[in-house]
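K.L.:
Structure in structure tokens, see below.
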2 protein chains.
Amino acid sequence: MKLREGVEWAVHCCINLSWISPDRAVPAARLAAFHDLPTAYLNKQMNALGRVGIVASRSGPRGGFRLGREPERITLMDVATAIDGSAQAFLCTGIRHHGPAGTITGPAADRTTCTVAQAFSTAELAWRRQLADRSIAELADTVRRANPAAPDQVRRWFDRP
Amino acid sequence: MKLREGVEWAVHCCINLSWISPDRAVPAARLAAFHDLPTAYLNKQMNALGRVGIVASRSGPRGGFRLGREPERITLMDVATAIDGSAQAFLCTGIRHHGPAGTITGPAADRTTCTVAQAFSTAELAWRRQLADRSIAELADTVRRANPAAPDQVRRWFDRP
């Protein structure tokens, strides 16, 4: 089980954007340079965030990305889903209905959710709930508490031409 | 994020084995036939379970698999880890230390765990805890309650030559 690498990138970019004035659009190349990431691939992740409104983009010479809504209203679940998709990690292929198993447990099984799928689904829900409970604003605040100068320094770096 | 398909297979096989006398070893071909699965690939999964003691195997003409310990002591976490590995789903590649970000948040960051990695790790722990809380015995019991004849019918099918 593995989340796409882009999730880490996207979350850090959202934290950085939360410290930059919402009037400013930051080009993908600039966001990428800050963490020494490949621009084209980061641009793909940022567009994925854009498709669900986590960021807003403006094209043109002064174009780029800014947060699409308040960082309080962007959760880690939002970002993870935008980048990694919303498919369940445990895929039930219904093997309890296949082969002889189907004639034995099949008829009763038809009326019930698969116990195995249900157990994995409950666990995954716990994971999703935890991520849905953490906002970009909260994470940015934790970073700021560890390093009070960070927001200003990040803002200044992005302000430089 | 996706768990390997073999996790579903392995859990159902463990449930089936929990209904079969621990004195009997069931060949992989027989376990596979019950759910119409490819024998060679299921055999690989069963060997992965064997490596961590979830099942015990016996070779030879009357060889096969049986549970390696009581089904009360086999959790979904055990099975998922045996088949899918124990690596974290969220891989922190430390991009907060890379590029200009490293000189801004780097020195303070060195002393702290990455907030982003920590948030994902906490969520994953919630997932693992849920799975560690569900045993094969409990799942088998839920199946039995939905279909009281299932254990006997499964046992009889596997008893047939």
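Residue numbering restarts at 1 for every chain of the structure tokens, chains are lettered A, B, ... in their displayed order, and ligands are numbered from 1 as they appear.
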For chain A, list the residues within 6 Å of chain B, counting only C-alpha atoms, and write the list as a ChimeraX atom specification.

P.N.:
/A:1-3,34-36,89-90,95,98-101,108,123-124,126-127,130,147

K.L.:
Apply DSSP to the structure's backbone, then extract all residues of chain B labelled alpha helix (DSSP H) and return them as JSON, numbers by chain.

P.N.:
{"B": [6, 7, 8, 9, 10, 11, 12, 13, 14, 15, 16, 17, 18, 28, 29, 30, 31, 32, 33, 34, 35, 39, 40, 41, 42, 43, 44, 45, 46, 47, 48, 49, 50, 51, 76, 77, 78, 79, 80, 81, 82, 83, 84, 99, 100, 101, 102, 103, 104, 106, 107, 108, 109, 110, 115, 116, 117, 118, 119, 120, 121, 122, 123, 124, 125, 126, 127, 128, 129, 130, 131, 132, 136, 137, 138, 139, 140, 141, 142, 143, 144, 145, 146, 150, 151, 152, 153, 154, 155, 156, 157, 158, 159]}

K.L.:
Please extract the residues of chain B with a backbone DSSP assignment of strand (DSSP E) and present them as a compact mmCIF listing (two decimals) with N, CA and C atoms, in the first residue's frame.

P.N.:
```txt
# COMPACT_ATOMS: atom_id res chain seq x y z
N VAL B 55 0.36 -19.45 8.77
CA VAL B 55 0.05 -20.84 8.43
C VAL B 55 1.32 -21.66 8.61
N ALA B 56 1.12 -22.97 8.78
CA ALA B 56 2.24 -23.90 8.81
C ALA B 56 2.08 -24.79 7.59
N SER B 57 3.19 -25.17 6.99
CA SER B 57 3.05 -26.01 5.79
C SER B 57 3.79 -27.32 5.99
N ARG B 58 3.29 -28.32 5.30
CA ARG B 58 3.91 -29.65 5.32
C ARG B 58 4.10 -30.03 3.88
N GLY B 64 0.48 -29.70 2.60
CA GLY B 64 -0.44 -28.58 2.41
C GLY B 64 -0.32 -27.60 3.55
N PHE B 65 -1.37 -26.81 3.71
CA PHE B 65 -1.35 -25.74 4.71
C PHE B 65 -2.39 -25.96 5.79
N ARG B 66 -2.04 -25.55 6.99
CA ARG B 66 -3.02 -25.43 8.08
C ARG B 66 -2.69 -24.14 8.81
N LEU B 67 -3.59 -23.64 9.67
CA LEU B 67 -3.28 -22.42 10.42
C LEU B 67 -2.07 -22.68 11.33
```

K.L.:
Would you pick out the contacts of Ala40 in chain B at 12 Å or less, using only C-alpha atoms, so that residues sharing its chain but fewer than 3 positions from it are not included, and give the list as number ranges by chain?

P.N.:
B: 6, 27-33, 37, 43-47

K.L.:
Atoms to include: N, CA and C atoms. Write the selected residues as a compact mmCIF listing (two decimals), in the first residue's frame.

P.N.:
```
# COMPACT_ATOMS: atom_id res chain seq x y z
N GLY B 6 -3.90 -10.20 -3.21
CA GLY B 6 -3.66 -11.40 -2.42
C GLY B 6 -4.15 -11.29 -0.99
N PRO B 27 -3.80 -28.79 0.53
CA PRO B 27 -2.92 -28.33 -0.56
C PRO B 27 -3.39 -26.99 -1.12
N ALA B 28 -2.45 -26.18 -1.62
CA ALA B 28 -2.79 -24.89 -2.20
C ALA B 28 -3.80 -25.05 -3.35
N ALA B 29 -3.64 -26.15 -4.12
CA ALA B 29 -4.53 -26.37 -5.27
C ALA B 29 -5.99 -26.48 -4.81
N ARG B 30 -6.17 -27.11 -3.63
CA ARG B 30 -7.52 -27.31 -3.09
C ARG B 30 -8.08 -25.97 -2.58
N LEU B 31 -7.25 -25.23 -1.87
CA LEU B 31 -7.67 -23.90 -1.38
C LEU B 31 -8.03 -23.01 -2.56
N ALA B 32 -7.24 -23.10 -3.62
CA ALA B 32 -7.47 -22.28 -4.81
C ALA B 32 -8.76 -22.68 -5.50
N ALA B 33 -8.98 -24.00 -5.62
CA ALA B 33 -10.17 -24.50 -6.33
C ALA B 33 -11.45 -24.01 -5.66
N LEU B 37 -9.37 -19.75 -7.85
CA LEU B 37 -8.22 -18.85 -7.94
C LEU B 37 -7.06 -19.57 -8.64
N ASN B 43 -0.48 -20.04 -4.05
CA ASN B 43 0.60 -20.72 -3.34
C ASN B 43 1.64 -19.71 -2.85
N LYS B 44 1.92 -18.72 -3.68
CA LYS B 44 2.86 -17.67 -3.30
C LYS B 44 2.37 -16.92 -2.06
N GLN B 45 1.07 -16.60 -2.05
CA GLN B 45 0.51 -15.89 -0.90
C GLN B 45 0.57 -16.76 0.35
N MET B 46 0.26 -18.05 0.18
CA MET B 46 0.25 -18.94 1.34
C MET B 46 1.67 -19.08 1.90
N ASN B 47 2.65 -19.10 1.00
CA ASN B 47 4.04 -19.16 1.48
C ASN B 47 4.43 -17.89 2.23
```
